[in-house]
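Enquirer: Take a look at the following structure, please.
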Amino acid sequence: MKHTSLIFVVIMMLLAACGRDAKESVREDAYPATNAEPKVTVSRFADFGSINKKVYGTFNDSQTITAFEEAIATAEPIPGLLDVAFADYDVVIERAGVPNAIHLWIDQTASENTYGMFMYANNTGTGYNLTKEATTKLYGLIHGIEYTSDAAAKNGDVVIGLSGTKNADKWTQFVANVEAKKPDDVQVIQFTIEGDPIFYDLTYDGNAIRYQLDTTHDAFGSPRKLIDYCGEVSATSTDEGKEYRLKACGANKDETNDTFSIRI
């Protein structure tokens with residue numbers, strides 16, 4: 001039964017349309033060594049072969065650090081080369097100044113009571129399946145992190161909440177860079193009435209905008225993740241400020257993405 005479940009998870013993660021070819025190993029310094037105290041650092045996944053520097057949460061207690069270490073130690077390698085969708089998180093486990101950096105897939109698998117998966121950030125040629133116990137444990141720890149508007153603002157995120165907008169200049173700079181065809185990225189967070197974050201990540205490579213929506217940390221909404229590629233940012237003046245939308249989206253680059261709309 002276990003081997004059948006492992007195969008099922010691999011199949012669920014073979015999303016070639018928005019994934020990557022894992023035949024390529026990445027550089028060895030995905031996360032450089034430090035002399036930091038033992039800790040686990042969690043950030044939301046940005047790209048393969050590097051660790052997102054915008055920290056989502058940190059664990060310093062020995063029990064939690066051990067839980068992450070044991071999850072990796074008890075994982076089983078998945079045979080063959082994988083073509084996988086974007087991961088959910090980057091996790092760095094530091095012990096005695098030596099970092100262990102991984103890309104982690106856990107949100108969907110935990111909700112389906114199957115096996116989570118990870119790859120080492122400096123060698124994405126092999127995936128490893130977590131045990132069900134480890135999947136449940138790590139999911140609970142990560143989703144127990146409280147990402148506040150103050151933490152988001154300190155991280156440099158564009159924060160949209162009931163009290164107004166923080167770091168609006170980072171959004172206007174991103175729009176200007178898109179118009180000038182200069183690569184840039186920005187993370188926009190809209191906080192719900194209950195204080196839960198909804199993430200909008202936009203990465204511009206000089207040609208197209210990769211847009212990622214993540215509502216999985218909204219405890220009162222429907223969990224959803226999607227990725228779209230768009231060609232431009234449009235702005236319309238309203239009584240409440242400028243409304244920004246993403247256009248030239250979809251396979252034919254002729255759609256307006258209906259999940260992204262912010263007023264700044």
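For the structure tokens, the naming scheme is as follows: chains receive sequential letters (A, B, ...) according to their order of presentation, residues are indexed from 1 within each chain, and ligands are indexed from 1 in presentation order.
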Just the residues within 6 Å of region 202-211 of chain A, please, counting only C-alpha atoms, with nothing from its chain fewer than 4 positions along; format it as a list in words.
Expert: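 Counting only the stated atoms, we get Lys181, Lys182, Pro183, Asp184, Asp185, Val186, Ile227, Asp228, Tyr229, Cys230 and Gly231 of chain A.
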Enquirer: Apply DSSP to the structure's backbone, then extract all residues of region 10-217 of chain A labelled strand (DSSP E) and return them as a ChimeraX atom specification.
Expert: /A:20-21,39-44,55-59,76-78,83-84,89-95,98-105,117-120,123-129,158-161,164-166,184-191,197-204,209-214
Enquirer: Give the answer as one residue: which of A:His217, A:Lys166, A:Arg44, A:Arg245 has the shortest atom-to-atom distance to Thr259 (chain A), using only C-alpha atoms?
Expert: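 Nearest candidate to Thr259 (chain A) out of A:His217, A:Lys166, A:Arg44, A:Arg245: A:Arg245.
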Enquirer: Do a neighbour search on region 56-58 of chain A at 9 Å with only C-alpha atoms, toss out local chain neighbours closer than 5 positions, and write the hits as JSON, numbers by chain.
Expert: {"A": [39, 40, 41, 42, 43, 44, 142, 145, 146, 147, 151, 152, 155]}
Enquirer: May I have the residues from that selection written out with N, CA and C atoms, as a CSV table (one decimal), in the first residue's frame?
Expert:
```csv
chain,number,residue,atom,x,y,z
A,39,LYS,N,18.4,26.8,14.4
A,39,LYS,CA,17.0,27.3,14.1
A,39,LYS,C,16.5,26.8,12.8
A,40,VAL,N,15.2,26.9,12.6
A,40,VAL,CA,14.6,26.5,11.3
A,40,VAL,C,13.9,27.8,10.8
A,41,THR,N,14.3,28.1,9.6
A,41,THR,CA,13.7,29.3,8.9
A,41,THR,C,12.8,28.9,7.8
A,42,VAL,N,11.6,29.4,7.7
A,42,VAL,CA,10.6,29.0,6.7
A,42,VAL,C,10.3,30.3,5.9
A,43,SER,N,10.3,30.1,4.6
A,43,SER,CA,9.9,31.2,3.7
A,43,SER,C,9.0,30.6,2.6
A,44,ARG,N,8.2,31.4,2.0
A,44,ARG,CA,7.4,30.9,0.9
A,44,ARG,C,8.3,30.7,-0.4
A,142,ILE,N,4.0,24.8,10.3
A,142,ILE,CA,4.1,26.0,9.3
A,142,ILE,C,2.8,26.8,9.3
A,145,ILE,N,2.2,29.4,12.1
A,145,ILE,CA,3.0,30.7,12.1
A,145,ILE,C,2.0,31.8,11.8
A,146,GLU,N,2.1,32.9,12.6
A,146,GLU,CA,1.3,34.1,12.5
A,146,GLU,C,2.1,35.1,11.7
A,147,TYR,N,1.7,35.4,10.5
A,147,TYR,CA,2.4,36.4,9.7
A,147,TYR,C,1.6,37.7,9.7
A,151,ALA,N,5.0,42.3,10.4
A,151,ALA,CA,6.1,41.5,9.9
A,151,ALA,C,6.2,41.6,8.3
A,152,ALA,N,5.0,41.6,7.7
A,152,ALA,CA,5.0,41.8,6.2
A,152,ALA,C,5.6,43.1,5.8
A,155,ASN,N,9.3,43.0,6.1
A,155,ASN,CA,9.9,42.2,5.0
A,155,ASN,C,9.9,42.9,3.7
```
Enquirer: How close does region 118-213 of chain A get to region 67-74 of chain A? List, as CSV, each residue of region 118-213 of chain A within 9 Å, its nearest atom pair and the distance in Å to one decimal, counting only C-alpha atoms.
Expert:
```
residue,atom,partner,partner_atom,distance
A:Phe118,CA,A:Ile72,CA,8.4
A:Tyr128,CA,A:Ile72,CA,8.3
A:Asn129,CA,A:Thr74,CA,8.9
A:Leu130,CA,A:Ala71,CA,6.4
A:Thr131,CA,A:Thr74,CA,7.1
A:Glu133,CA,A:Ala71,CA,8.5
A:Ala134,CA,A:Ala71,CA,5.2
A:Thr135,CA,A:Ala71,CA,7.9
A:Lys137,CA,A:Ala67,CA,7.7
A:Leu138,CA,A:Phe68,CA,7.1
```
Enquirer: Can you spit out the residues from that selection as a compact mmCIF listing (two decimals), in the first residue's frame, using N, CA and C atoms?
Expert:
```
# COMPACT_ATOMS: atom_id res chain seq x y z
N PHE A 118 10.03 16.67 -0.49
CA PHE A 118 11.01 17.76 -0.52
C PHE A 118 12.13 17.41 -1.48
N TYR A 128 12.17 13.42 -2.27
CA TYR A 128 12.05 12.53 -1.12
C TYR A 128 10.64 12.65 -0.55
N ASN A 129 9.99 11.52 -0.32
CA ASN A 129 8.66 11.52 0.28
C ASN A 129 8.76 11.48 1.80
N LEU A 130 8.05 12.39 2.46
CA LEU A 130 7.95 12.37 3.91
C LEU A 130 6.99 11.28 4.35
N THR A 131 7.10 10.86 5.58
CA THR A 131 6.09 9.96 6.13
C THR A 131 4.80 10.77 6.36
N GLU A 133 3.18 10.92 9.11
CA GLU A 133 3.30 11.57 10.41
C GLU A 133 4.09 12.87 10.28
N ALA A 134 5.19 12.82 9.53
CA ALA A 134 6.01 14.02 9.35
C ALA A 134 5.27 15.08 8.55
N THR A 135 4.50 14.64 7.54
CA THR A 135 3.72 15.58 6.74
C THR A 135 2.74 16.35 7.61
N LYS A 137 2.84 16.75 10.87
CA LYS A 137 3.55 17.54 11.87
C LYS A 137 4.07 18.85 11.28
N LEU A 138 4.76 18.78 10.14
CA LEU A 138 5.33 19.99 9.55
C LEU A 138 4.25 20.93 9.05
```
Enquirer: Just list as a PyMOL selection string whatever in region 18-254 of chain A DSSP marks as helix (DSSP H, G or I).
Expert: chain A and resi 18+62-73+107-111+132-143+149-154+168-179
Enquirer: Using only N, CA and C atoms, please write the residues we just selected to a file, as a short mmCIF file (atom, residue, chain, number, x, y, z; two decimals), in the first residue's frame.
Expert:
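What ended up in again_33.cif:
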```
data_model
loop_
_atom_site.label_atom_id
_atom_site.label_comp_id
_atom_site.auth_asym_id
_atom_site.auth_seq_id
_atom_site.Cartn_x
_atom_site.Cartn_y
_atom_site.Cartn_z
N CYS A 18 3.44 23.87 -15.75
CA CYS A 18 3.98 24.97 -14.96
C CYS A 18 5.13 24.50 -14.09
N SER A 62 14.29 23.66 20.47
CA SER A 62 14.95 22.41 20.08
C SER A 62 13.95 21.34 19.64
N GLN A 63 12.77 21.31 20.23
CA GLN A 63 11.78 20.29 19.88
C GLN A 63 11.32 20.44 18.43
N THR A 64 11.08 21.67 18.00
CA THR A 64 10.64 21.90 16.63
C THR A 64 11.77 21.66 15.64
N ILE A 65 12.97 22.09 15.99
CA ILE A 65 14.12 21.85 15.12
C ILE A 65 14.30 20.35 14.91
N THR A 66 14.18 19.58 15.98
CA THR A 66 14.31 18.13 15.89
C THR A 66 13.22 17.53 15.02
N ALA A 67 12.00 18.08 15.09
CA ALA A 67 10.90 17.57 14.27
C ALA A 67 11.21 17.71 12.78
N PHE A 68 11.79 18.84 12.38
CA PHE A 68 12.17 19.02 10.98
C PHE A 68 13.32 18.09 10.60
N GLU A 69 14.29 17.94 11.49
CA GLU A 69 15.42 17.05 11.20
C GLU A 69 14.97 15.60 11.06
N GLU A 70 14.07 15.17 11.93
CA GLU A 70 13.57 13.80 11.86
C GLU A 70 12.73 13.58 10.61
N ALA A 71 12.00 14.60 10.18
CA ALA A 71 11.20 14.48 8.97
C ALA A 71 12.09 14.20 7.76
N ILE A 72 13.23 14.86 7.69
CA ILE A 72 14.17 14.64 6.60
C ILE A 72 14.85 13.28 6.73
N ALA A 73 15.23 12.93 7.96
CA ALA A 73 15.96 11.68 8.18
C ALA A 73 15.11 10.45 7.86
N ASP A 107 1.34 21.49 1.34
CA ASP A 107 -0.02 22.01 1.56
C ASP A 107 -1.09 21.07 1.01
N GLN A 108 -1.00 20.70 -0.26
CA GLN A 108 -2.02 19.85 -0.87
C GLN A 108 -1.98 18.44 -0.30
N THR A 109 -0.77 17.91 -0.11
CA THR A 109 -0.65 16.53 0.36
C THR A 109 -1.19 16.37 1.78
N ALA A 110 -0.97 17.38 2.63
CA ALA A 110 -1.47 17.29 4.01
C ALA A 110 -2.99 17.29 4.02
N SER A 111 -3.60 18.12 3.18
CA SER A 111 -5.06 18.18 3.14
C SER A 111 -5.67 16.90 2.58
N LYS A 132 3.69 10.06 6.53
CA LYS A 132 2.43 10.76 6.80
C LYS A 132 2.51 11.53 8.12
N GLU A 133 3.18 10.92 9.11
CA GLU A 133 3.30 11.57 10.41
C GLU A 133 4.09 12.87 10.28
N ALA A 134 5.19 12.82 9.53
CA ALA A 134 6.01 14.02 9.35
C ALA A 134 5.27 15.08 8.55
N THR A 135 4.50 14.64 7.54
CA THR A 135 3.72 15.58 6.74
C THR A 135 2.74 16.35 7.61
N THR A 136 2.00 15.62 8.45
CA THR A 136 1.03 16.26 9.33
C THR A 136 1.70 17.19 10.33
N LYS A 137 2.84 16.75 10.87
CA LYS A 137 3.55 17.54 11.87
C LYS A 137 4.07 18.85 11.28
N LEU A 138 4.76 18.78 10.14
CA LEU A 138 5.33 19.99 9.55
C LEU A 138 4.25 20.93 9.05
N TYR A 139 3.18 20.37 8.50
CA TYR A 139 2.07 21.21 8.04
C TYR A 139 1.49 22.01 9.21
N GLY A 140 1.28 21.35 10.34
CA GLY A 140 0.74 22.03 11.50
C GLY A 140 1.67 23.11 12.02
N LEU A 141 2.97 22.85 12.02
CA LEU A 141 3.93 23.84 12.50
C LEU A 141 3.95 25.07 11.59
N ILE A 142 4.01 24.83 10.28
CA ILE A 142 4.09 25.96 9.34
C ILE A 142 2.80 26.77 9.34
N HIS A 143 1.67 26.08 9.36
CA HIS A 143 0.40 26.81 9.33
C HIS A 143 0.04 27.40 10.70
N SER A 149 0.76 41.92 9.73
CA SER A 149 0.98 43.02 8.80
C SER A 149 2.28 43.75 9.12
N ASP A 150 2.64 43.82 10.40
CA ASP A 150 3.91 44.46 10.77
C ASP A 150 5.10 43.66 10.25
N ALA A 151 5.02 42.33 10.37
CA ALA A 151 6.10 41.48 9.86
C ALA A 151 6.19 41.59 8.35
N ALA A 152 5.05 41.64 7.68
CA ALA A 152 5.03 41.76 6.23
C ALA A 152 5.64 43.08 5.78
N ALA A 153 5.28 44.17 6.46
CA ALA A 153 5.83 45.48 6.11
C ALA A 153 7.34 45.51 6.32
N LYS A 154 7.80 44.89 7.40
CA LYS A 154 9.23 44.83 7.68
C LYS A 154 9.96 44.03 6.62
N ALA A 168 3.62 51.25 -0.33
CA ALA A 168 3.01 51.47 -1.65
C ALA A 168 4.05 51.84 -2.69
N ASP A 169 5.15 52.47 -2.25
CA ASP A 169 6.19 52.88 -3.19
C ASP A 169 6.84 51.68 -3.88
N LYS A 170 6.85 50.53 -3.21
CA LYS A 170 7.43 49.34 -3.82
C LYS A 170 6.57 48.84 -4.97
N TRP A 171 5.26 49.05 -4.85
CA TRP A 171 4.38 48.66 -5.96
C TRP A 171 4.55 49.60 -7.15
N THR A 172 4.56 50.90 -6.89
CA THR A 172 4.70 51.85 -8.00
C THR A 172 6.06 51.68 -8.68
N GLN A 173 7.09 51.31 -7.92
CA GLN A 173 8.39 51.06 -8.52
C GLN A 173 8.35 49.81 -9.39
N PHE A 174 7.64 48.79 -8.93
CA PHE A 174 7.50 47.56 -9.73
C PHE A 174 6.80 47.87 -11.05
N VAL A 175 5.72 48.64 -11.00
CA VAL A 175 4.99 49.00 -12.22
C VAL A 175 5.89 49.78 -13.17
N ALA A 176 6.67 50.71 -12.62
CA ALA A 176 7.59 51.49 -13.45
C ALA A 176 8.64 50.61 -14.10
N ASN A 177 9.13 49.62 -13.36
CA ASN A 177 10.14 48.71 -13.92
C ASN A 177 9.56 47.83 -15.02
N VAL A 178 8.30 47.42 -14.86
CA VAL A 178 7.66 46.64 -15.91
C VAL A 178 7.55 47.48 -17.18
N GLU A 179 7.14 48.73 -17.02
CA GLU A 179 7.02 49.61 -18.19
C GLU A 179 8.36 49.86 -18.85
#
```
Enquirer: Between A:Phe48, A:Leu82, A:Gly144, A:Gly161, which one has atoms that come closest to Ala101 (chain A), using only C-alpha atoms?
Expert: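 Under the stated criterion, the closest residue is A:Phe48.
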Enquirer: For the atom pair CA of Asp201 (chain A) and CA of Leu226 (chain A), what is the interatomic distance in Å to one decimal place?
Expert: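 For CA of Asp201 (chain A) relative to CA of Leu226 (chain A), the distance reads 10.6 Å.
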Enquirer: How far is it from CA of Ala46 (chain A) to CA of Asp218 (chain A), in Å with one decimal?
Expert: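 Result for CA of Ala46 (chain A) versus CA of Asp218 (chain A): 19.6 Å, one decimal.
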Enquirer: Considering only C-alpha atoms, return as a ChimeraX atom specification whatever protein or nucleic-acid residues lie within 6 Å of Ala87 (chain A), sequence-local ones (same chain, fewer than 6 positions apart) excluded.
Expert: /A:45,104-105
Enquirer: Once you have the residues from the selection above, write them out as an mmCIF file, in the first residue's frame, restricted to N, CA and C atoms.
Expert:
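Result saved to result_15.cif:
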```cif
data_model
loop_
_atom_site.group_PDB
_atom_site.id
_atom_site.type_symbol
_atom_site.label_atom_id
_atom_site.label_comp_id
_atom_site.auth_asym_id
_atom_site.auth_seq_id
_atom_site.Cartn_x
_atom_site.Cartn_y
_atom_site.Cartn_z
ATOM 1 N N PHE A 45 8.033 29.624 -1.085
ATOM 2 C CA PHE A 45 8.864 29.282 -2.240
ATOM 3 C C PHE A 45 8.819 30.382 -3.298
ATOM 4 N N LEU A 104 10.008 22.477 -0.176
ATOM 5 C CA LEU A 104 9.038 21.594 0.465
ATOM 6 C C LEU A 104 7.657 21.707 -0.176
ATOM 7 N N TRP A 105 7.082 20.543 -0.528
ATOM 8 C CA TRP A 105 5.695 20.447 -1.000
ATOM 9 C C TRP A 105 4.888 19.797 0.120
#
```
